[in-house]
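Colleague: What follows is upload25.cif; its format and atoms are mmCIF, C-alpha atoms.
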```
data_work
loop_
_atom_site.label_atom_id
_atom_site.label_comp_id
_atom_site.auth_asym_id
_atom_site.auth_seq_id
_atom_site.Cartn_x
_atom_site.Cartn_y
_atom_site.Cartn_z
CA ASP A 27 152.09 288.95 287.75
CA GLN A 28 149.53 291.23 286.14
CA GLY A 29 149.51 293.63 283.22
CA LEU A 30 146.58 296.04 282.84
CA CYS A 31 146.00 298.72 280.20
CA ALA A 32 143.01 300.65 278.90
CA GLY A 33 141.99 302.77 275.91
CA ASN A 34 139.46 303.26 273.11
CA GLY A 35 136.63 301.91 275.28
CA PHE A 36 138.42 298.67 276.23
CA VAL A 37 140.35 297.29 279.18
CA LEU A 38 142.94 294.57 278.51
CA GLU A 39 144.00 292.52 281.50
CA SER A 40 146.62 289.78 281.53
CA THR A 41 148.05 287.69 284.33
CA ASN A 42 150.31 284.66 284.46
CA ASP A 43 149.25 283.19 282.10
CA VAL A 44 145.99 284.34 280.49
CA LEU A 45 144.52 287.40 278.82
CA ARG A 46 141.01 288.83 278.54
CA VAL A 47 139.42 292.01 277.16
CA PHE A 48 136.67 293.88 279.02
CA SER A 49 134.53 296.92 278.34
CA THR A 50 135.20 299.97 280.50
CA ASN A 51 132.22 299.08 282.71
CA GLY A 52 133.84 295.74 283.54
CA ASP A 53 131.90 293.37 281.30
CA PRO A 54 134.03 290.74 279.50
CA VAL A 55 133.91 291.08 275.72
CA THR A 56 136.18 288.10 274.95
CA GLY A 57 136.76 284.72 276.48
CA THR A 58 139.89 283.95 278.45
CA VAL A 59 142.83 283.26 276.14
CA SER A 60 146.08 281.67 277.28
CA LEU A 61 149.17 283.76 276.63
CA ASN A 62 150.73 280.75 274.88
CA GLN A 63 147.83 280.75 272.42
CA PHE A 64 147.90 284.54 272.02
CA TYR A 65 151.60 284.46 271.11
CA GLY A 66 151.21 281.52 268.74
CA TYR A 67 152.84 278.80 270.86
CA PRO A 68 151.75 275.30 271.87
CA SER A 69 150.07 275.04 275.25
CA ALA A 70 152.30 275.53 278.27
CA TYR A 71 151.38 271.96 279.22
CA ASN A 72 149.29 269.47 277.26
CA ARG A 73 147.59 267.19 279.77
CA ALA A 74 146.68 264.65 277.08
CA THR A 75 150.20 264.16 275.73
CA GLY A 76 152.41 265.41 278.56
CA ALA A 77 154.17 267.80 276.18
CA TYR A 78 155.44 271.16 277.43
CA GLY A 79 155.35 274.39 275.47
CA PRO A 80 157.36 277.59 276.07
CA GLU A 81 157.09 279.12 279.52
CA ILE A 82 155.59 282.64 279.46
CA THR A 83 155.71 285.03 282.40
CA ASP A 84 155.62 288.69 283.51
CA PRO A 85 153.02 290.26 281.18
CA SER A 86 152.90 294.04 280.84
CA CYS A 87 150.84 296.22 278.49
CA TYR A 88 150.21 299.78 277.34
CA PHE A 89 147.68 301.54 275.07
CA ASP A 90 149.27 304.38 273.14
CA GLN A 91 146.88 307.26 272.56
CA ASN A 92 149.01 308.87 269.84
CA THR A 93 149.21 305.84 267.55
CA GLN A 94 145.99 304.16 268.75
CA ARG A 95 147.88 300.91 269.21
CA TRP A 96 148.07 298.34 271.99
CA PHE A 97 151.49 297.07 273.10
CA HIS A 98 151.83 293.87 275.13
CA VAL A 99 155.10 292.28 276.26
CA VAL A 100 156.02 289.03 278.02
CA LEU A 101 159.17 287.07 278.82
CA THR A 102 159.24 283.67 277.09
CA LEU A 103 161.61 280.83 277.98
CA ASP A 104 162.11 278.09 275.40
CA ARG A 105 162.12 274.40 276.34
CA VAL A 106 164.39 271.54 275.34
CA GLY A 107 162.05 269.91 272.83
CA THR A 108 158.70 269.21 274.48
CA GLY A 109 160.18 268.31 277.86
CA PRO A 110 160.06 270.36 281.07
CA ASN A 111 163.67 271.61 280.97
CA ILE A 112 164.36 275.12 279.72
CA SER A 113 166.96 275.43 276.96
CA GLY A 114 168.58 278.73 277.93
CA LYS A 115 167.15 280.73 275.04
CA ASN A 116 164.72 283.39 276.22
CA HIS A 117 163.15 286.38 274.52
CA LEU A 118 160.83 289.30 275.00
CA ASP A 119 157.74 288.75 272.90
CA LEU A 120 156.23 292.11 271.96
CA ALA A 121 152.74 292.11 270.47
CA VAL A 122 151.53 295.28 268.70
CA SER A 123 147.91 295.62 267.64
CA GLN A 124 147.26 296.47 264.00
CA SER A 125 144.39 298.81 264.93
CA SER A 126 142.83 300.47 267.97
CA ASP A 127 140.75 297.31 268.55
CA PRO A 128 142.50 294.84 270.91
CA MET A 129 140.26 292.08 269.53
CA GLY A 130 141.73 292.51 266.03
CA ASN A 131 145.00 291.28 264.56
CA TRP A 132 148.39 291.74 266.22
CA THR A 133 151.98 291.77 264.93
CA ILE A 134 154.39 289.86 267.15
CA TYR A 135 158.11 290.61 267.49
CA ARG A 136 160.50 288.24 269.28
CA ILE A 137 163.54 289.93 270.84
CA PRO A 138 166.29 287.56 272.10
CA VAL A 139 167.54 288.54 275.57
CA GLN A 140 169.83 285.66 276.60
CA ASP A 141 172.82 287.97 275.96
CA ASP A 142 175.33 285.16 275.52
CA GLY A 143 176.42 286.17 272.04
CA THR A 144 173.85 283.99 270.25
CA ASP A 145 170.95 285.15 268.05
CA GLY A 146 172.58 288.55 267.61
CA THR A 147 172.73 289.35 271.33
CA PRO A 148 175.77 290.87 273.06
CA ASN A 149 177.79 288.59 275.34
CA HIS A 150 177.44 289.69 278.96
CA SER A 151 179.39 286.63 280.21
CA CYS A 152 176.70 285.36 282.54
CA PRO A 153 178.06 282.53 284.72
CA GLY A 154 176.75 279.21 283.45
CA GLY A 155 176.07 280.50 279.93
CA PRO A 156 172.84 282.35 279.05
CA CYS A 157 171.41 285.34 280.87
CA LEU A 158 167.73 285.82 281.75
CA GLY A 159 165.74 288.94 280.79
CA ASP A 160 163.54 288.91 283.87
CA TYR A 161 160.62 291.15 284.90
CA PRO A 162 160.03 293.12 281.66
CA HIS A 163 158.15 296.43 281.68
CA ILE A 164 157.09 298.85 278.98
CA GLY A 165 157.09 302.62 278.64
CA ALA A 166 156.72 305.17 275.87
CA ASP A 167 157.13 308.75 274.75
CA LYS A 168 156.42 310.57 271.49
CA ASN A 169 159.12 308.70 269.57
CA GLY A 170 159.84 305.39 271.25
CA ILE A 171 158.70 302.26 272.99
CA TYR A 172 161.04 301.29 275.83
CA LEU A 173 161.33 297.80 277.31
CA THR A 174 163.34 297.06 280.45
CA THR A 175 164.50 293.85 282.14
CA ASN A 176 166.49 292.75 285.16
CA GLU A 177 169.28 290.56 283.82
CA PHE A 178 170.38 287.56 285.88
CA PRO A 179 172.45 284.50 285.01
CA LEU A 180 169.84 281.87 284.10
CA PHE A 181 171.54 278.75 285.48
CA GLN A 182 173.61 280.20 288.33
CA GLY A 183 173.29 282.85 291.00
CA GLY A 184 174.27 286.47 290.52
CA TYR A 185 173.06 289.66 288.89
CA ILE A 186 174.23 291.61 285.84
CA GLY A 187 172.14 294.79 285.56
CA SER A 188 168.96 296.25 284.12
CA GLN A 189 168.73 296.27 280.34
CA ILE A 190 166.92 299.00 278.42
CA TYR A 191 165.68 298.42 274.86
CA ALA A 192 164.66 301.46 272.79
CA ILE A 193 162.53 300.91 269.67
CA SER A 194 160.89 303.31 267.21
CA LYS A 195 157.21 303.59 268.08
CA GLN A 196 156.24 304.48 264.51
CA ALA A 197 158.01 301.39 263.13
CA LEU A 198 156.12 299.19 265.57
CA ALA A 199 152.77 300.90 265.02
CA GLY A 200 153.24 300.60 261.26
CA GLY A 201 153.86 296.86 261.50
CA SER A 202 157.38 297.07 260.09
CA SER A 203 158.78 293.64 259.21
CA THR A 204 162.13 294.57 260.77
CA ILE A 205 162.81 296.84 263.72
CA ASN A 206 166.00 298.49 264.95
CA ILE A 207 166.66 298.05 268.66
CA VAL A 208 169.16 300.02 270.73
CA GLN A 209 170.13 298.20 273.93
CA TYR A 210 171.61 299.87 277.01
CA ASN A 211 173.30 297.74 279.67
CA THR A 212 173.26 299.58 283.01
CA ALA A 213 176.09 297.31 284.19
CA ASP A 214 178.39 298.87 281.59
CA PRO A 215 180.62 301.51 283.27
CA SER A 216 179.97 303.87 280.34
CA THR A 217 176.32 304.09 281.41
CA LYS A 218 177.42 306.11 284.45
CA THR A 219 174.46 305.48 286.74
CA ALA A 220 174.15 307.90 289.65
CA SER A 221 175.17 305.25 292.18
CA GLY A 222 177.91 303.76 290.04
CA LEU A 223 176.15 300.41 290.45
CA PRO A 224 174.09 298.49 287.88
CA GLY A 225 170.47 299.57 287.64
CA PHE A 226 167.79 297.36 289.20
CA THR A 227 164.13 297.38 288.15
CA VAL A 228 164.45 300.40 285.89
CA TRP A 229 160.75 301.07 285.39
CA PRO A 230 160.17 303.05 282.17
CA ALA A 231 157.87 306.06 282.33
CA VAL A 232 154.94 306.76 280.04
CA SER A 233 155.06 310.29 278.62
CA ALA A 234 152.16 310.34 276.20
CA GLY A 235 152.14 314.06 275.39
CA PRO A 236 153.64 315.78 272.34
#
```
The structure given in the file should be rewritten as structure tokens.
Modeller:
Amino acid sequence: DQGLCAGNGFVLESTNDVLRVFSTNGDPVTGTVSLNQFYGYPSAYNRATGAYGPEITDPSCYFDQNTQRWFHVVLTLDRVGTGPNISGKNHLDLAVSQSSDPMGNWTIYRIPVQDDGTDGTPNHSCPGGPCLGDYPHIGADKNGIYLTTNEFPLFQGGYIGSQIYAISKQALAGGSSTINIVQYNTADPSTKTASGLPGFTVWPAVSAGP
């Protein structure tokens, strides 16, 4: 999976599971950084010790012209200790640059998405316990940053529905220590999708104008 975004004379490219910044003519201006390192985690796998770190996947990014900020999101799955098994807890990690320079400092927000009633999440009754916030994407308009996922049961088969998370863009760009998130579950009958079925891969648009 790849996430690519550009702005202010830079191109930021990330794939599973590394990130690098280039100039607009294609020359690298940073080394290759693992996404685990970028998000402040231990290595995904330490070959010297055999220890596992969190599993990161599905990077996506966006440069916002209005706020001159970079936004980068991944799905992170926690492990049971330092072993290979995943614990069930998973979260969207949203990194927001503190300036227009992607090589500067970033503020990182961790948004739980297991939706089993723990860590402040709603309980979507996924078979087997926790849900999985798979395949995140990012969009924006004048007021908000919008993250979407496809929600599956993590430990059993099935599908719940796309989740949409709406967040104030100004709060994120300002580095607010707390953010308010409004979550929409497209599997909820009150959402009233056109088909009457849960949404799947709801890809948020970018509307950068006023």
Colleague: With a distance cut-off of 12 Å and all atoms listed in the file, select the neighbouring residues of region 69-77 of chain A, excluding the residue or stretch itself and same-chain residues fewer than 4 positions from it, and output the selection as a ChimeraX atom specification.
Modeller: /A:42-44,59-65,81-83,102-111
Colleague: With a distance cut-off of 7 Å and only C-alpha atoms, select the neighbouring residues of Asp167 (chain A), excluding the residue or stretch itself and same-chain residues fewer than 5 positions from it, and output the selection as a PyMOL selection string.
Modeller: chain A and resi 232-234
Colleague: Would you kindly identify which residues have an atom no farther than 6 Å from (160.7, 287.9, 270.9), using all atoms listed in the file and the file's own coordinates, and write them out as JSON, numbers by chain?
Modeller: {"A": [117, 118, 119, 135, 136, 137, 138]}
Colleague: One decimal, Å: what's the distance from CA of Ala197 (chain A) over to CA of Gly143 (chain A), could you say?
Modeller: 25.5 Å
Colleague: May I have the residues within 6 Å of Ser123 (chain A) as number ranges by chain, using only C-alpha atoms and disregarding those fewer than 3 positions away in the same chain?
Modeller: A: 95-96, 132
Colleague: Can you write out the residues you just picked, keeping C-alpha atoms, as a CSV table (one decimal), keeping the file's coordinate frame?
Modeller:
```
chain,number,residue,atom,x,y,z
A,95,ARG,CA,147.9,300.9,269.2
A,96,TRP,CA,148.1,298.3,272.0
A,132,TRP,CA,148.4,291.7,266.2
```
Colleague: When the PyMOL selection byres ((chain A and resi 216-223) around 12) is applied to the structure above, which residues does it catch, written out as a PyMOL selection string?
Modeller: chain A and resi 185-190+209-215+224-226+228
Colleague: What does the PyMOL selection byres ((chain A and resi 85-89) around 9) select in this file, as a VMD selection string?
Modeller: chain A and resid 27 to 34 38 to 43 61 82 to 84 90 to 91 93 to 101 126 161 to 166 232
Colleague: Using C-alpha atoms, can you write the selected residues to a file as a short mmCIF file (atom, residue, chain, number, x, y, z; two decimals), in the coordinates of the input?
Modeller:
```
data_model
loop_
_atom_site.label_atom_id
_atom_site.label_comp_id
_atom_site.auth_asym_id
_atom_site.auth_seq_id
_atom_site.Cartn_x
_atom_site.Cartn_y
_atom_site.Cartn_z
CA ASP A 27 152.09 288.95 287.75
CA GLN A 28 149.53 291.23 286.14
CA GLY A 29 149.51 293.63 283.22
CA LEU A 30 146.58 296.04 282.84
CA CYS A 31 146.00 298.72 280.20
CA ALA A 32 143.01 300.65 278.90
CA GLY A 33 141.99 302.77 275.91
CA ASN A 34 139.46 303.26 273.11
CA LEU A 38 142.94 294.57 278.51
CA GLU A 39 144.00 292.52 281.50
CA SER A 40 146.62 289.78 281.53
CA THR A 41 148.05 287.69 284.33
CA ASN A 42 150.31 284.66 284.46
CA ASP A 43 149.25 283.19 282.10
CA LEU A 61 149.17 283.76 276.63
CA ILE A 82 155.59 282.64 279.46
CA THR A 83 155.71 285.03 282.40
CA ASP A 84 155.62 288.69 283.51
CA ASP A 90 149.27 304.38 273.14
CA GLN A 91 146.88 307.26 272.56
CA THR A 93 149.21 305.84 267.55
CA GLN A 94 145.99 304.16 268.75
CA ARG A 95 147.88 300.91 269.21
CA TRP A 96 148.07 298.34 271.99
CA PHE A 97 151.49 297.07 273.10
CA HIS A 98 151.83 293.87 275.13
CA VAL A 99 155.10 292.28 276.26
CA VAL A 100 156.02 289.03 278.02
CA LEU A 101 159.17 287.07 278.82
CA SER A 126 142.83 300.47 267.97
CA TYR A 161 160.62 291.15 284.90
CA PRO A 162 160.03 293.12 281.66
CA HIS A 163 158.15 296.43 281.68
CA ILE A 164 157.09 298.85 278.98
CA GLY A 165 157.09 302.62 278.64
CA ALA A 166 156.72 305.17 275.87
CA VAL A 232 154.94 306.76 280.04
#
```
Colleague: Which residues come within 8 Å of Gln182 (chain A), counting only C-alpha atoms, excluding same-chain residues fewer than 3 positions away, as a PyMOL selection string?
Modeller: chain A and resi 153-154+179
Colleague: Which residue is closest to Gly201 (chain A)? Choose from A:Val139, A:Leu158, A:Ala231, A:Leu120 and count all atoms listed in the file.
Modeller: A:Leu120
Colleague: Check the smallest atom-to-atom distance from each of A:Ser125, A:Ser202, A:Thr175, A:Thr227 to Cys157 (chain A) using all atoms listed in the file, then report the winner.
Modeller: A:Thr175
Colleague: Considering all atoms listed in the file, can you say which of A:Ser49, A:Thr174, A:Thr133, A:Gln196 comes closest to Ala121 (chain A)?
Modeller: A:Thr133
Colleague: What separation in Å, quoted to one decimal, exists between CA of Val47 (chain A) and CA of Ile134 (chain A)?
Modeller: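 Taking CA of Val47 (chain A) as the start and CA of Ile134 (chain A) as the end point, the length is 18.1 Å.
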